[in-house]
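Chemist: Input structure: run25.txt, which contains compact mmCIF, C-alpha atoms.
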```
# COMPACT_ATOMS: atom_id res chain seq x y z
CA MET A 20 54.66 -39.45 -69.18
CA SER A 21 57.55 -38.55 -66.90
CA LYS A 22 57.21 -39.09 -63.18
CA GLY A 23 57.28 -35.35 -62.43
CA LEU A 24 54.59 -34.55 -64.96
CA ALA A 25 52.41 -37.30 -63.65
CA PHE A 26 52.80 -35.98 -60.14
CA ASP A 27 51.81 -32.46 -61.26
CA LYS A 28 48.76 -33.86 -63.03
CA LEU A 29 47.79 -35.82 -59.93
CA ARG A 30 48.21 -32.74 -57.74
CA GLU A 31 46.13 -30.69 -60.17
CA ILE A 32 43.31 -33.28 -60.06
CA LEU A 33 43.41 -33.67 -56.27
CA LEU A 34 43.70 -29.99 -55.32
CA GLU A 35 41.52 -28.42 -58.03
CA LYS A 36 38.61 -27.74 -55.63
CA ASP A 37 40.98 -26.39 -52.96
CA TRP A 38 42.49 -23.96 -55.49
CA GLU A 39 39.02 -22.69 -56.42
CA GLU A 40 38.05 -22.25 -52.78
CA ARG A 41 41.32 -20.52 -52.06
CA GLU A 42 40.71 -18.06 -54.88
CA GLU A 43 37.16 -17.43 -53.73
CA PHE A 44 38.38 -16.91 -50.15
CA ALA A 45 41.11 -14.55 -51.38
CA GLN A 46 38.46 -12.55 -53.28
CA LYS A 47 36.26 -12.30 -50.18
CA LEU A 48 39.24 -11.24 -48.10
CA SER A 49 40.11 -8.61 -50.64
CA ASP A 50 36.48 -7.30 -50.59
CA LEU A 51 36.50 -7.18 -46.80
CA ASP A 52 39.83 -5.41 -46.79
CA ASP A 53 38.41 -2.95 -49.28
CA GLN A 54 35.35 -2.34 -47.09
CA LEU A 55 37.38 -1.91 -43.92
CA ASN A 56 39.88 0.43 -45.46
CA SER A 57 37.42 2.50 -47.45
CA ARG A 58 35.72 4.96 -45.07
CA ASN A 59 32.66 5.42 -47.29
CA ARG A 60 31.98 1.73 -47.67
CA LEU A 61 32.55 1.11 -43.95
CA GLU A 62 30.16 3.94 -43.03
CA GLU A 63 27.57 2.53 -45.39
CA LYS A 64 27.66 -0.79 -43.56
CA ILE A 65 27.92 0.47 -39.98
CA GLN A 66 25.69 3.57 -40.12
CA PRO A 67 22.34 1.68 -39.90
CA ILE A 68 23.58 -0.22 -36.84
CA LEU A 69 24.74 3.02 -35.20
CA ASP A 70 21.42 4.70 -36.03
CA ASP A 71 19.48 1.85 -34.41
CA GLU A 72 21.68 1.97 -31.33
CA ARG A 73 21.39 5.75 -31.06
CA GLU A 74 17.60 5.60 -31.36
CA SER A 75 17.41 2.84 -28.76
CA LEU A 76 19.70 4.80 -26.42
CA ARG A 77 17.58 7.92 -26.88
CA HIS A 78 14.51 6.01 -25.67
CA ARG A 79 16.30 4.27 -22.83
CA PHE A 80 18.36 7.29 -21.77
CA PRO A 81 16.08 8.44 -18.92
CA ASP A 82 15.96 4.91 -17.47
CA LEU A 83 19.66 4.25 -17.92
CA PHE A 84 21.09 7.55 -16.77
CA GLY A 85 18.19 9.47 -15.15
CA PRO A 86 18.97 8.48 -11.53
CA GLN A 87 22.71 9.15 -11.90
CA ILE A 88 22.09 12.56 -13.53
CA THR A 89 19.57 13.56 -10.84
CA GLU A 90 21.99 12.46 -8.15
CA THR A 91 24.88 14.33 -9.76
CA ILE A 92 22.85 17.54 -10.15
CA SER A 93 21.58 17.31 -6.55
CA LYS A 94 25.14 16.75 -5.34
CA GLN A 95 26.46 19.66 -7.39
CA ILE A 96 23.72 21.97 -6.10
CA ARG A 97 24.36 20.88 -2.49
CA GLU A 98 28.09 21.37 -2.80
CA SER A 99 28.05 24.58 -4.81
CA GLN A 100 25.10 26.54 -3.43
CA ASP A 101 26.82 29.88 -3.78
CA GLU A 102 27.59 29.26 -7.45
CA VAL A 103 24.00 28.17 -8.10
CA VAL A 104 22.61 31.26 -6.38
CA GLU A 105 25.03 33.39 -8.35
CA ALA A 106 23.88 31.79 -11.61
CA LEU A 107 20.18 31.99 -10.85
CA TYR A 108 20.10 35.38 -9.16
CA PRO A 109 20.28 37.51 -12.34
CA ILE A 110 17.50 35.46 -13.99
CA LEU A 111 15.19 35.46 -10.96
CA GLY A 112 16.02 39.08 -10.20
CA ARG A 113 15.09 40.13 -13.73
CA MET A 114 11.83 38.13 -13.54
CA ILE A 115 10.84 39.70 -10.21
CA LYS A 116 11.81 43.16 -11.43
CA LYS A 117 9.77 42.68 -14.61
CA TYR A 118 6.73 41.49 -12.65
CA ILE A 119 6.89 44.38 -10.17
CA THR A 120 7.38 46.91 -12.99
CA SER A 121 4.36 45.55 -14.84
CA GLU A 122 2.21 45.60 -11.67
CA ILE A 123 3.29 49.20 -10.90
CA GLU A 124 2.46 50.19 -14.47
CA LYS A 125 -1.01 48.69 -14.12
CA LEU A 126 -1.56 50.46 -10.80
CA SER A 127 -0.27 53.70 -12.25
CA GLU A 128 -2.66 53.40 -15.21
CA LYS A 129 -5.56 52.86 -12.84
CA VAL A 130 -4.54 55.84 -10.69
CA ASP A 131 -4.31 57.95 -13.87
CA GLU A 132 -7.81 56.89 -14.84
CA GLN A 133 -9.06 57.91 -11.42
CA MET A 134 -7.25 61.24 -11.61
CA LYS A 135 -8.81 61.95 -14.98
CA LEU A 136 -12.13 61.73 -13.22
CA ALA A 137 -10.93 64.32 -10.73
CA PHE A 138 -13.85 66.59 -11.37
CA SER A 139 -16.44 63.83 -11.29
CA TRP A 140 -18.94 63.48 -8.49
CA GLU A 141 -17.12 60.29 -7.36
CA ALA A 142 -13.86 62.23 -6.99
CA TRP A 143 -15.50 64.95 -4.95
CA LYS A 144 -16.98 62.28 -2.68
CA ILE A 145 -13.48 60.86 -2.11
CA ARG A 146 -12.06 64.36 -1.41
CA ILE A 147 -14.77 65.14 1.11
CA LYS A 148 -14.42 61.73 2.78
CA ALA A 149 -10.62 62.16 2.91
CA TRP A 150 -10.98 65.63 4.44
CA PHE A 151 -13.41 64.38 7.11
CA THR A 152 -11.52 61.17 7.98
CA GLY A 153 -8.02 62.61 7.71
CA THR A 154 -7.00 59.74 5.35
CA PRO A 155 -4.75 60.81 2.47
CA GLN A 156 -6.69 61.05 -0.80
CA LYS A 157 -4.27 58.73 -2.66
CA ASN A 158 -4.80 56.00 -0.03
CA MET A 159 -8.52 56.27 -0.53
CA ILE A 160 -8.12 56.00 -4.30
CA ILE A 161 -5.90 52.90 -3.96
CA SER A 162 -8.33 51.24 -1.54
CA LYS A 163 -11.10 51.96 -4.03
CA LEU A 164 -9.06 50.20 -6.74
CA ILE A 165 -8.75 46.98 -4.73
CA GLU A 166 -12.22 47.07 -3.22
CA PRO A 167 -13.96 43.66 -3.09
CA LYS A 168 -16.41 42.71 -5.80
CA ILE A 169 -18.81 39.82 -6.24
CA GLU A 170 -17.95 37.85 -9.38
CA GLU A 171 -20.30 34.89 -9.10
CA ILE A 172 -22.78 33.27 -6.74
CA PHE A 173 -23.83 29.61 -6.69
CA ILE A 174 -26.71 28.18 -4.68
CA VAL A 175 -26.03 24.46 -4.35
CA GLU A 176 -28.01 21.55 -2.91
CA LYS A 177 -25.84 20.26 -0.09
CA GLN A 178 -25.76 16.48 -0.62
CA SER A 179 -26.25 16.08 -4.35
CA GLY A 180 -24.19 19.09 -5.42
CA MET A 181 -26.92 20.09 -7.90
CA LEU A 182 -27.10 23.76 -8.82
CA MET A 183 -30.28 25.43 -7.55
CA GLY A 184 -29.55 28.87 -9.00
CA SER A 185 -26.69 31.16 -9.86
CA PHE A 186 -25.61 34.72 -10.52
CA SER A 187 -22.65 35.60 -12.69
CA LYS A 188 -21.15 38.73 -14.21
CA ASN A 189 -19.34 36.94 -17.03
CA HIS A 190 -20.97 33.50 -17.50
CA SER A 191 -17.62 32.05 -18.48
CA VAL A 192 -17.76 28.74 -16.61
CA ASP A 193 -19.95 25.65 -16.66
CA GLN A 194 -21.93 26.41 -13.55
CA ASP A 195 -23.29 22.85 -13.05
CA MET A 196 -19.74 21.51 -13.02
CA ILE A 197 -18.53 24.24 -10.66
CA ALA A 198 -21.40 23.50 -8.25
CA ALA A 199 -20.58 19.78 -8.30
CA MET A 200 -16.85 20.35 -7.86
CA LEU A 201 -17.40 22.76 -4.97
CA THR A 202 -19.56 20.12 -3.30
CA ALA A 203 -16.87 17.48 -3.84
CA ILE A 204 -14.16 19.78 -2.41
CA LYS A 205 -16.35 20.59 0.60
CA ALA A 206 -17.09 16.89 1.15
CA PHE A 207 -13.39 16.00 0.89
CA VAL A 208 -12.25 18.67 3.37
CA GLU A 209 -15.04 17.98 5.82
CA ASP A 210 -14.38 14.21 5.71
CA ALA A 211 -10.62 14.55 5.91
CA PHE A 212 -10.67 16.85 8.94
CA LYS A 213 -13.61 15.35 10.77
CA GLY A 214 -15.28 17.72 13.14
CA GLU A 215 -18.75 17.26 14.54
CA THR A 216 -20.24 20.44 13.15
CA GLN A 217 -17.35 21.96 11.26
CA GLU A 218 -17.86 22.99 7.68
CA LEU A 219 -15.64 24.58 5.05
CA ASP A 220 -16.42 28.28 4.97
CA SER A 221 -13.95 29.77 2.50
CA ILE A 222 -11.45 28.90 -0.23
CA ASP A 223 -8.66 31.30 -1.28
CA TYR A 224 -7.01 31.24 -4.68
CA ASP A 225 -4.92 33.91 -6.36
CA ASN A 226 -6.85 37.20 -6.11
CA TYR A 227 -10.14 35.45 -5.48
CA LYS A 228 -11.88 34.23 -2.38
CA ILE A 229 -14.87 31.89 -2.34
CA VAL A 230 -17.01 32.61 0.68
CA ILE A 231 -19.23 29.65 1.60
CA LYS A 232 -22.34 30.15 3.67
CA ASN A 233 -23.72 26.84 4.95
CA PHE A 234 -27.41 26.23 5.53
CA LYS A 235 -29.25 23.00 6.42
CA SER A 236 -29.99 21.61 2.97
CA PHE A 237 -27.97 23.91 0.71
CA PHE A 238 -24.94 26.15 0.70
CA ILE A 239 -24.20 29.44 -1.02
CA ALA A 240 -20.78 29.98 -2.59
CA VAL A 241 -19.86 33.58 -3.38
CA VAL A 242 -16.79 34.17 -5.55
CA THR A 243 -15.25 37.55 -4.72
CA SER A 244 -12.25 39.44 -6.05
CA GLY A 245 -10.24 42.26 -4.49
CA GLY A 246 -9.39 42.75 -0.84
CA MET A 247 -12.07 41.39 1.47
CA SER A 248 -12.83 43.86 4.27
CA MET A 249 -14.74 43.10 7.46
CA ALA A 250 -17.40 45.62 6.46
CA PHE A 251 -17.88 43.89 3.10
CA ARG A 252 -18.04 40.44 4.74
CA ASP A 253 -20.63 41.68 7.26
CA LYS A 254 -22.74 43.23 4.55
CA LEU A 255 -22.46 40.07 2.44
CA ASP A 256 -23.46 37.82 5.37
CA ASP A 257 -26.48 39.99 6.17
CA THR A 258 -27.61 40.09 2.55
CA LEU A 259 -27.20 36.33 2.12
CA LEU A 260 -29.22 35.63 5.25
CA ASP A 261 -31.95 37.98 4.10
CA PHE A 262 -31.92 36.39 0.62
CA ALA A 263 -32.11 32.87 2.09
CA GLU A 264 -35.04 33.81 4.27
CA LYS A 265 -37.04 35.80 1.74
CA VAL A 266 -36.26 34.10 -1.56
CA LEU A 267 -35.02 30.57 -0.91
CA ARG A 268 -37.59 29.67 1.72
CA LYS A 269 -40.41 30.73 -0.58
CA ALA A 270 -38.93 28.96 -3.58
CA LYS A 271 -38.15 25.64 -1.92
CA ASP A 272 -41.53 23.99 -2.54
CA ALA A 273 -41.81 24.99 -6.20
CA ASP A 274 -40.92 22.51 -8.92
CA GLU A 275 -37.36 22.40 -10.18
CA GLU A 276 -37.62 24.83 -13.10
CA VAL A 277 -39.74 27.42 -11.28
CA LYS A 278 -37.45 27.17 -8.26
CA GLN A 279 -34.36 27.83 -10.40
CA GLU A 280 -36.02 30.81 -12.10
CA ARG A 281 -37.13 32.35 -8.80
CA ILE A 282 -33.72 31.88 -7.22
CA THR A 283 -31.88 33.33 -10.22
CA SER A 284 -34.12 36.39 -10.45
CA GLY A 285 -33.88 36.82 -6.66
CA LEU A 286 -30.08 36.75 -6.90
CA GLU A 287 -30.12 39.42 -9.61
CA GLN A 288 -32.41 41.57 -7.51
CA TYR A 289 -30.22 41.26 -4.40
CA PHE A 290 -26.75 41.29 -5.91
CA ASP A 291 -26.79 43.20 -9.22
CA ASN A 292 -26.00 46.47 -7.46
CA PHE A 293 -24.37 45.03 -4.36
CA ASP A 294 -20.86 46.36 -5.14
CA LYS A 295 -22.14 49.80 -6.16
CA ASN A 296 -23.87 50.31 -2.84
CA GLU A 297 -20.67 49.55 -0.96
CA MET B 29 -33.71 18.20 -15.82
CA ASN B 30 -30.40 17.53 -14.00
CA LYS B 31 -29.55 14.25 -12.28
CA LYS B 32 -26.58 13.11 -10.24
CA VAL B 33 -25.22 9.69 -11.17
CA ILE B 34 -22.42 7.94 -9.27
CA LEU B 35 -20.08 5.28 -10.63
CA VAL B 36 -18.81 2.87 -8.01
CA GLY B 37 -16.97 -0.45 -7.86
CA HIS B 38 -13.55 -1.96 -7.15
CA PHE B 39 -10.44 -0.15 -8.35
CA GLY B 40 -9.26 -0.94 -11.87
CA VAL B 41 -12.61 -2.23 -13.17
CA GLY B 42 -12.80 0.52 -15.79
CA LYS B 43 -15.19 3.08 -14.27
CA THR B 44 -13.25 6.05 -15.63
CA SER B 45 -12.92 4.37 -19.04
CA VAL B 46 -16.69 3.76 -19.14
CA VAL B 47 -17.30 7.48 -18.46
CA GLN B 48 -14.67 8.51 -21.02
CA GLN B 49 -16.31 6.31 -23.63
CA PHE B 50 -19.80 7.61 -22.81
CA VAL B 51 -18.96 11.32 -22.54
CA TYR B 52 -16.10 11.73 -25.03
CA SER B 53 -16.29 8.50 -27.15
CA LYS B 54 -12.66 7.89 -26.27
CA PHE B 55 -10.70 4.97 -24.84
CA SER B 56 -7.14 4.84 -23.53
CA GLU B 57 -5.11 1.75 -22.63
CA LYS B 58 -3.28 3.76 -19.96
CA TYR B 59 -4.38 3.13 -16.39
CA LEU B 60 -4.56 6.25 -14.25
CA THR B 61 -6.07 5.67 -10.85
CA THR B 62 -8.82 8.09 -9.81
CA ILE B 63 -8.06 10.10 -6.70
CA GLY B 64 -11.14 11.15 -4.77
CA VAL B 65 -13.72 11.91 -7.40
CA LYS B 66 -13.85 13.07 -11.02
CA ILE B 67 -16.94 14.82 -12.32
CA ASP B 68 -18.23 14.90 -15.90
CA LYS B 69 -21.42 16.14 -17.52
CA LYS B 70 -23.45 14.90 -20.46
CA LEU B 71 -26.82 15.75 -21.93
CA VAL B 72 -28.82 12.68 -22.95
CA LYS B 73 -31.94 12.63 -25.11
CA PHE B 74 -34.46 9.78 -25.14
CA ASP B 75 -38.19 9.31 -25.80
CA GLY B 76 -38.66 13.08 -26.19
CA TYR B 77 -36.94 13.85 -22.87
CA GLN B 78 -33.69 15.72 -22.22
CA MET B 79 -31.68 15.00 -19.13
CA THR B 80 -28.32 16.41 -17.99
CA LEU B 81 -26.30 13.80 -16.16
CA LEU B 82 -23.70 14.98 -13.66
CA ILE B 83 -21.52 11.88 -13.46
CA TRP B 84 -19.44 11.41 -10.30
CA ASP B 85 -16.72 8.86 -11.00
CA ILE B 86 -15.71 7.84 -7.47
CA ALA B 87 -12.29 6.32 -6.72
CA GLY B 88 -12.50 2.53 -6.52
CA GLU B 89 -12.63 0.60 -3.24
CA THR B 90 -12.89 -3.11 -2.45
CA GLU B 91 -15.76 -2.56 -0.02
CA GLN B 92 -18.41 0.09 -0.67
CA ASN B 93 -18.88 0.78 3.03
CA SER B 94 -15.24 1.88 3.25
CA VAL B 95 -15.84 4.73 0.78
CA SER B 96 -16.91 8.04 2.28
CA LYS B 97 -20.68 8.49 2.06
CA SER B 98 -20.40 12.19 1.23
CA TYR B 99 -19.79 11.72 -2.49
CA LYS B 100 -22.72 9.31 -2.81
CA LEU B 101 -25.40 11.16 -0.86
CA GLY B 102 -28.07 12.87 -2.92
CA SER B 103 -27.47 10.64 -5.96
CA HIS B 104 -30.38 10.03 -8.28
CA GLY B 105 -28.87 6.94 -9.93
CA ILE B 106 -26.04 4.45 -9.43
CA ILE B 107 -23.83 2.55 -11.84
CA TYR B 108 -21.96 -0.33 -10.20
CA VAL B 109 -19.09 -1.58 -12.34
CA PHE B 110 -17.25 -4.90 -11.98
CA ASP B 111 -14.54 -6.54 -14.09
CA LEU B 112 -15.59 -9.68 -15.98
CA THR B 113 -11.97 -10.88 -15.96
CA ARG B 114 -11.44 -10.53 -12.19
CA PRO B 115 -13.74 -12.66 -9.99
CA SER B 116 -12.68 -10.75 -6.87
CA THR B 117 -14.55 -7.71 -8.24
CA TYR B 118 -17.92 -9.51 -8.31
CA GLU B 119 -17.58 -12.17 -5.61
CA ASN B 120 -19.57 -10.12 -3.09
CA LEU B 121 -21.73 -8.29 -5.63
CA GLU B 122 -25.01 -8.94 -3.80
CA GLY B 123 -23.60 -7.54 -0.54
CA GLN B 124 -22.29 -4.40 -2.23
CA ILE B 125 -25.59 -3.74 -4.01
CA GLU B 126 -27.52 -4.32 -0.79
CA TYR B 127 -25.36 -1.72 0.95
CA LEU B 128 -25.98 0.83 -1.83
CA LYS B 129 -29.73 0.15 -1.74
CA THR B 130 -29.79 0.83 1.99
CA LEU B 131 -27.79 4.04 1.58
CA LEU B 132 -29.79 5.36 -1.39
CA PRO B 133 -33.16 3.58 -1.35
CA ASN B 134 -34.71 5.65 -4.12
CA ALA B 135 -31.86 5.53 -6.60
CA PRO B 136 -32.09 2.95 -9.42
CA ILE B 137 -28.97 0.81 -9.89
CA GLN B 138 -27.43 -0.34 -13.16
CA ILE B 139 -24.82 -3.10 -12.85
CA LEU B 140 -22.14 -3.34 -15.52
CA GLY B 141 -19.76 -6.23 -16.16
CA ASN B 142 -16.97 -4.43 -17.97
CA LYS B 143 -14.04 -5.56 -20.18
CA LYS B 144 -16.23 -7.87 -22.28
CA ASP B 145 -13.69 -7.56 -25.10
CA LEU B 146 -11.11 -9.41 -23.00
CA ILE B 147 -12.99 -12.68 -22.49
CA SER B 148 -14.29 -15.44 -24.74
CA GLU B 149 -17.97 -16.33 -25.09
CA GLU B 150 -17.41 -19.48 -22.99
CA GLU B 151 -15.73 -17.53 -20.19
CA PHE B 152 -18.53 -14.96 -20.31
CA ASN B 153 -21.19 -17.66 -19.98
CA SER B 154 -19.40 -19.11 -16.99
CA VAL B 155 -19.26 -15.66 -15.29
CA LYS B 156 -22.92 -15.10 -16.11
CA GLU B 157 -23.88 -18.35 -14.40
CA SER B 158 -22.08 -17.37 -11.21
CA ILE B 159 -23.87 -13.99 -10.86
CA THR B 160 -27.47 -13.93 -9.70
CA LEU B 161 -28.17 -10.23 -10.27
CA PRO B 162 -29.00 -8.90 -13.75
CA PHE B 163 -26.16 -6.96 -15.36
CA LYS B 164 -25.09 -5.52 -18.69
CA ALA B 165 -21.88 -6.75 -20.27
CA THR B 166 -19.98 -3.69 -21.48
CA SER B 167 -16.70 -2.86 -23.10
CA ALA B 168 -15.32 0.61 -22.50
CA LYS B 169 -12.83 -0.17 -25.28
CA THR B 170 -15.32 -0.93 -28.05
CA GLY B 171 -18.21 1.04 -26.55
CA GLU B 172 -20.44 -2.04 -26.47
CA HIS B 173 -23.60 -1.37 -24.39
CA VAL B 174 -22.05 1.69 -22.67
CA GLU B 175 -24.44 4.35 -23.99
CA GLU B 176 -27.36 1.94 -23.60
CA ALA B 177 -26.50 1.46 -19.90
CA PHE B 178 -26.61 5.21 -19.20
CA ILE B 179 -29.82 5.72 -21.20
CA ASP B 180 -31.53 2.84 -19.34
CA LEU B 181 -30.49 4.38 -16.05
CA ALA B 182 -31.73 7.82 -17.18
CA LYS B 183 -35.13 6.29 -18.04
CA ALA B 184 -35.29 4.64 -14.62
CA MET B 185 -34.54 8.00 -12.95
CA LEU B 186 -37.51 9.79 -14.56
```
What is this file in C-alpha cells?
Modeler:
Amino acid sequence: MSKGLAFDKLREILLEKDWEEREEFAQKLSDLDDQLNSRNRLEEKIQPILDDERESLRHRFPDLFGPQITETISKQIRESQDEVVEALYPILGRMIKKYITSEIEKLSEKVDEQMKLAFSWEAWKIRIKAWFTGTPQKNMIISKLIEPKIEEIFIVEKQSGMLMGSFSKNHSVDQDMIAAMLTAIKAFVEDAFKGETQELDSIDYDNYKIVIKNFKSFFIAVVTSGGMSMAFRDKLDDTLLDFAEKVLRKAKDADEEVKQERITSGLEQYFDNFDKNE
Amino acid sequence: MNKKVILVGHFGVGKTSVVQQFVYSKFSEKYLTTIGVKIDKKLVKFDGYQMTLLIWDIAGETEQNSVSKSYKLGSHGIIYVFDLTRPSTYENLEGQIEYLKTLLPNAPIQILGNKKDLISEEEFNSVKESITLPFKATSAKTGEHVEEAFIDLAKAML
C-alpha cells in the first residue's frame, strides 16, 4: 500500500463519524432553511405561538393598557372639549328630540281621548268648572291627566319590618320584601342623619312618590303616581289618620291572620275609590 | 306565619353565602362585601307547619355593639356566623352572644361555624374544644347543615 493510500484510509477511519455528523447537520440546516424560507411552513410553526400570545394579550389588555388608555382619553377630552361637544351634540340632540317627540305624542293621544269624551258628563263638569274658575279648559284637561293616584299602600311594623296589611292595584311586587326593604331604607336614613325625633317621610323616584306616615309602632307607606298636589296630600293625611284610628287600633289585638285580613279589607274600603272622589 | 331572621357575625365569615345556599342552593367563590343589609325570603315547611322567613343579612362587623341596632330590632330569630378557619371571628363569641341576648331577649339564637370544608377533622376538633357554646358546623359551599340550621331556628321560633 502506498503512503498516500494509507493516509487516505487512516483519514477515512478516523473521520468517519465526523462525516456522518456533518451530513446530518447539513440535512438539518437544509430543513431549517426550507422552513424559514417557505412562508407556509414558517406560519405553521409560528402560528400557535402567536395565537397563544394574542389570547394572553387579550386577557391582560385591560390591566396592561387600561390606565394609559383612560388617561389618554381623559386628556383628549380635556384638551379638545369643543370637538367632543361637536361629535356628541348630534347624537344627544337626536336622543332628546326623540324622547320629547314621543312624550308629546303620548300627551296628544291622551288629550285626543279626553276630547272624544267631549260630550260625556265628565267633560261637561270640566267645562263648567273652567267657566266658573276662569281656567282654560285645556289646562284643566292636562291637570286631570297628571292627577295623583294611589298605586299601593303598605302597613308595616316599625321595628321588624313585617307587613301588617297592604293594598295594591296591580299586585306586581313581592309585598313582604318591599315592606322589609322600606324598613331597611328608613332605618339607614334615620341612623345616618341622626335626629332626635326625625323620621323619613317621603321617597321620590321617577314619576312616583312614596309618602310615609309614621306612627308609634308601625308606619304606612303610600306609593303614588302623578303630580302630588297639596289638596291631595291633605286628603291623604286625613284619610290615613282616620284609617289608623278606626281600623288599625281595633285590629291591633287580634291574632296575626285576623289582623292582616281586617287591615287589608279596611284598606280596600278606605282607598278603593280614593282617587275617584278627588 | 312570617318571621324576621337576622344573620350577624364578623365580615367575611360567609353569611351571604350561607343565605345564598339556603335560599337559592347556590355558592360562589367570589367575595362581595355586603353593604348595609340584604334581604331575602324563603318559605320553610316542617312538622306540618309553614313559615315564611324574611332573612336580613347584615353587613359584617368585628363587634356586634358597633352595628346599628335598627336592623336587628324586632327580629324573631338570630343566626350568628363565625369562620372555623379564622380564630379572630370566634375569640369573643360568648361576649357577642351575650350582647345579642340582651338586645333581643326573646329571639332564639343559632350559632354556625362556617367553612367546614376548608379544615381537617383534627383542626375542627381543636376549634370545637376551644368553644364553650354549642354550634353547628356548616359549609356554605357544600350545603352541609345549612338547611338544618334554618329549620332548627324556625322550630325554636314557633
Chemist: Rounded to one decimal in Å, what is the spacing between atom CA of A:Val241 and atom CA of A:Glu171?
Modeler: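 Interatomic distance, atom CA of A:Val241 to atom CA of A:Glu171: 5.9 Å.
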Chemist: Grab the atom CA of B:Ser45 to atom CA of B:Ser103 distance for me, in Å with one decimal place.
Modeler: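 Separation of atom CA of B:Ser45 and atom CA of B:Ser103: 20.5 Å.
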Chemist: Out of A:Ser127, A:Thr243, A:Gln288, A:Gln178, which residue has the shortest atom-to-atom distance to chain B when counting all atoms listed in the file?
Modeler: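 Of A:Ser127, A:Thr243, A:Gln288, A:Gln178, the one nearest chain B is A:Gln178, counting all atoms listed in the file.
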Chemist: Taking 5 positions as the minimum chain separation for residues in the same chain, which residues sit within 12 Å of A:Lys254 when counting only C-alpha atoms? Answer as a PDB file with C-alpha atoms, in the frame of the given file.
Modeler:
```
ATOM      1  CA  PRO A 167     -13.960  43.660  -3.090  1.00  0.00           C
ATOM      2  CA  ILE A 169     -18.810  39.820  -6.240  1.00  0.00           C
ATOM      3  CA  MET A 247     -12.070  41.390   1.470  1.00  0.00           C
ATOM      4  CA  SER A 248     -12.830  43.860   4.270  1.00  0.00           C
ATOM      5  CA  MET A 249     -14.740  43.100   7.460  1.00  0.00           C
ATOM      6  CA  LEU A 259     -27.200  36.330   2.120  1.00  0.00           C
ATOM      7  CA  LEU A 260     -29.220  35.630   5.250  1.00  0.00           C
ATOM      8  CA  ASP A 261     -31.950  37.980   4.100  1.00  0.00           C
ATOM      9  CA  TYR A 289     -30.220  41.260  -4.400  1.00  0.00           C
ATOM     10  CA  PHE A 290     -26.750  41.290  -5.910  1.00  0.00           C
ATOM     11  CA  PHE A 293     -24.370  45.030  -4.360  1.00  0.00           C
ATOM     12  CA  ASP A 294     -20.860  46.360  -5.140  1.00  0.00           C
ATOM     13  CA  ASN A 296     -23.870  50.310  -2.840  1.00  0.00           C
ATOM     14  CA  GLU A 297     -20.670  49.550  -0.960  1.00  0.00           C
TER      15      GLU A 297
END
```
Chemist: Tell me, as a ChimeraX atom specification, which residues lie within 10 Å of B:Lys97, counting all atoms listed in the file; anything in the same chain fewer than 5 positions away does not count.
Modeler: /A:178,206,210 /B:92,102,131
Chemist: Could you write out that same residue set with C-alpha atoms as a compact mmCIF listing (two decimals), in the coordinates of the input?
Modeler:
```
# COMPACT_ATOMS: atom_id res chain seq x y z
CA GLN A 178 -25.76 16.48 -0.62
CA ALA A 206 -17.09 16.89 1.15
CA ASP A 210 -14.38 14.21 5.71
CA GLN B 92 -18.41 0.09 -0.67
CA GLY B 102 -28.07 12.87 -2.92
CA LEU B 131 -27.79 4.04 1.58
```
Chemist: Measure the distance from atom CA of B:Gln138 to atom CA of B:Met79 in Å and round it to one decimal.
Modeler: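 One can read the atom CA of B:Gln138 to atom CA of B:Met79 distance as 17.0 Å.
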Chemist: Residues of chain B no more than 10 Å from chain A, counting all atoms listed in the file: send them over as JSON, numbers by chain.
Modeler: {"B": [29, 30, 31, 32, 33, 64, 65, 66, 67, 68, 69, 80, 82, 83, 84, 96, 97, 98, 99, 100, 101, 102, 103, 104]}
Chemist: Contacts of B:Ser116 at 10 Å or less, counting only C-alpha atoms, minus same-chain residues fewer than 6 places along, as an mmCIF file with C-alpha atoms, in the coordinates of the input?
Modeler:
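Done, and the output landed in result.cif:
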```
data_model
loop_
_atom_site.group_PDB
_atom_site.id
_atom_site.type_symbol
_atom_site.label_atom_id
_atom_site.label_comp_id
_atom_site.auth_asym_id
_atom_site.auth_seq_id
_atom_site.Cartn_x
_atom_site.Cartn_y
_atom_site.Cartn_z
ATOM 1 C CA HIS B 38 -13.550 -1.960 -7.150
ATOM 2 C CA THR B 90 -12.890 -3.110 -2.450
ATOM 3 C CA PHE B 110 -17.250 -4.900 -11.980
#
```
Chemist: Neighbourhood query: residues within 7 Å of (-17.1, -2.1, -17.3), file coordinates, counting all atoms listed in the file; return as an mmCIF file with C-alpha atoms, in the frame of the given file.
Modeler:
```cif
data_model
loop_
_atom_site.group_PDB
_atom_site.id
_atom_site.type_symbol
_atom_site.label_atom_id
_atom_site.label_comp_id
_atom_site.auth_asym_id
_atom_site.auth_seq_id
_atom_site.Cartn_x
_atom_site.Cartn_y
_atom_site.Cartn_z
ATOM 1 C CA VAL B 41 -12.610 -2.230 -13.170
ATOM 2 C CA GLY B 42 -12.800 0.520 -15.790
ATOM 3 C CA LYS B 43 -15.190 3.080 -14.270
ATOM 4 C CA VAL B 46 -16.690 3.760 -19.140
ATOM 5 C CA VAL B 109 -19.090 -1.580 -12.340
ATOM 6 C CA PHE B 110 -17.250 -4.900 -11.980
ATOM 7 C CA ASP B 111 -14.540 -6.540 -14.090
ATOM 8 C CA LEU B 140 -22.140 -3.340 -15.520
ATOM 9 C CA GLY B 141 -19.760 -6.230 -16.160
ATOM 10 C CA ASN B 142 -16.970 -4.430 -17.970
ATOM 11 C CA LYS B 143 -14.040 -5.560 -20.180
ATOM 12 C CA THR B 166 -19.980 -3.690 -21.480
ATOM 13 C CA SER B 167 -16.700 -2.860 -23.100
ATOM 14 C CA ALA B 168 -15.320 0.610 -22.500
#
```
Chemist: Near B:Gln78, counting all atoms listed in the file, which residues have an atom at most 12 Å away, once you skip same-chain residues fewer than 3 positions from it, shown as a list in words?
Modeler: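 Contacts, with the query itself left out: Met29, Asn30, Lys31, Lys70, Leu71, Val72, Lys73, Phe74, Asp75, Leu81, Ile179, Ala182, Lys183 and Leu186 of chain B.
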Chemist: Report as a short mmCIF file (atom, residue, chain, number, x, y, z; two decimals) with C-alpha atoms, keeping the file's coordinate frame all protein, DNA and RNA residues lying within 7 Å of stretch 220-228 of chain A, evaluated on all atoms listed in the file, omitting residues in the same chain fewer than 4 positions from it.
Modeler:
```cif
data_model
loop_
_atom_site.label_atom_id
_atom_site.label_comp_id
_atom_site.auth_asym_id
_atom_site.auth_seq_id
_atom_site.Cartn_x
_atom_site.Cartn_y
_atom_site.Cartn_z
CA LYS A 232 -22.34 30.15 3.67
CA VAL A 242 -16.79 34.17 -5.55
CA THR A 243 -15.25 37.55 -4.72
CA SER A 244 -12.25 39.44 -6.05
CA GLY A 245 -10.24 42.26 -4.49
#
```
